[in-house]
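Peer 1: Before we start, here is the structure in question, set down as structure tokens.
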Amino acid sequence: MKIELQPAEATIDTWSIYYISPNGKSTAGKLTVTNQRLLFLPQHDDDSFSLSLYNRKGLLVFEKSGIRGVTAQKSFLSKKVLITMSDDSTHTFNYGVMNIDKLVAAIQSN
């Protein structure tokens with residue numbers, strides 16, 4: 001699925017990653033980081049048996065202007081980025097054993 005960008009918005013990069021919602025639910029999908037937003041497209045949801053189709057209705061949008069904090073958590077087998085929004089909700093992106101430095105830099109850039 002092609003993400004529609006807003007005027008003056010440019011894509012920085014895209015990652016296949018796990019998203020963990022504030023309630024602890026984990027979902028695999030694609031995270032696209034732009035100069036204005038974070039766009040997470042879940043690969044599937046509870047109603048889908050297919051792991052190869054993206055859930056077009058489930059696009060999560062995080063405005064960078066609403067991000068209050070970005071924290072990297074690194075251990076040997078787990079690299080995570082925690083995003084704290086202005087409403088105090090915390091959203092986690094888990095990249096497994098892969099390096100998250102580029103992801104953190106992309107989120108923090110404008």
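Residue names in the structure tokens use chain letters A, B, ... in the order shown, residue numbers from 1 in each chain, and ligand numbers from 1 in the order shown.
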Residues within 7 Å of segment 14-20 of chain A, please, as a PyMOL selection string. Count only C-alpha atoms; anything in the same chain fewer than 2 positions from it doesn't count.

Peer 2: chain A and resi 22+24-33+91-95

Peer 1: Measuring between only C-alpha atoms, which one of A:Asn99, A:Ser75, A:Thr34, A:Asn23 shows the shortest distance to Val61 of chain A?

Peer 2: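 Under the stated criterion, the closest residue is A:Thr34.
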
Peer 1: For Arg68 of chain A, which of A:Ala8, A:Ile3, A:Met85, A:Ala105 is the closest residue, counting only C-alpha atoms?

Peer 2: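 When distances to Arg68 of chain A are compared using only C-alpha atoms, the smallest one comes from A:Met85.
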
Peer 1: Please measure the separation of atom CA of Ala106 of chain A and atom CA of Phe62 of chain A, giving the value in Å to one decimal.

Peer 2: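 Atom-to-atom, atom CA of Ala106 of chain A to atom CA of Phe62 of chain A, that is 13.5 Å.
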
Peer 1: Determine the nearest neighbour of Ser109 of chain A from the options A:Val81, A:Leu59, A:Leu39, A:Val70, counting only C-alpha atoms.

Peer 2: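 Between A:Val81, A:Leu59, A:Leu39, A:Val70, the residue approaching Ser109 of chain A most closely is A:Val70.
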
Peer 1: Closest to Leu60 of chain A among A:Thr11, A:Ser21, A:Gln6, A:Thr90, using only C-alpha atoms?

Peer 2: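 Among A:Thr11, A:Ser21, A:Gln6, A:Thr90, it is A:Ser21 that comes nearest to Leu60 of chain A.
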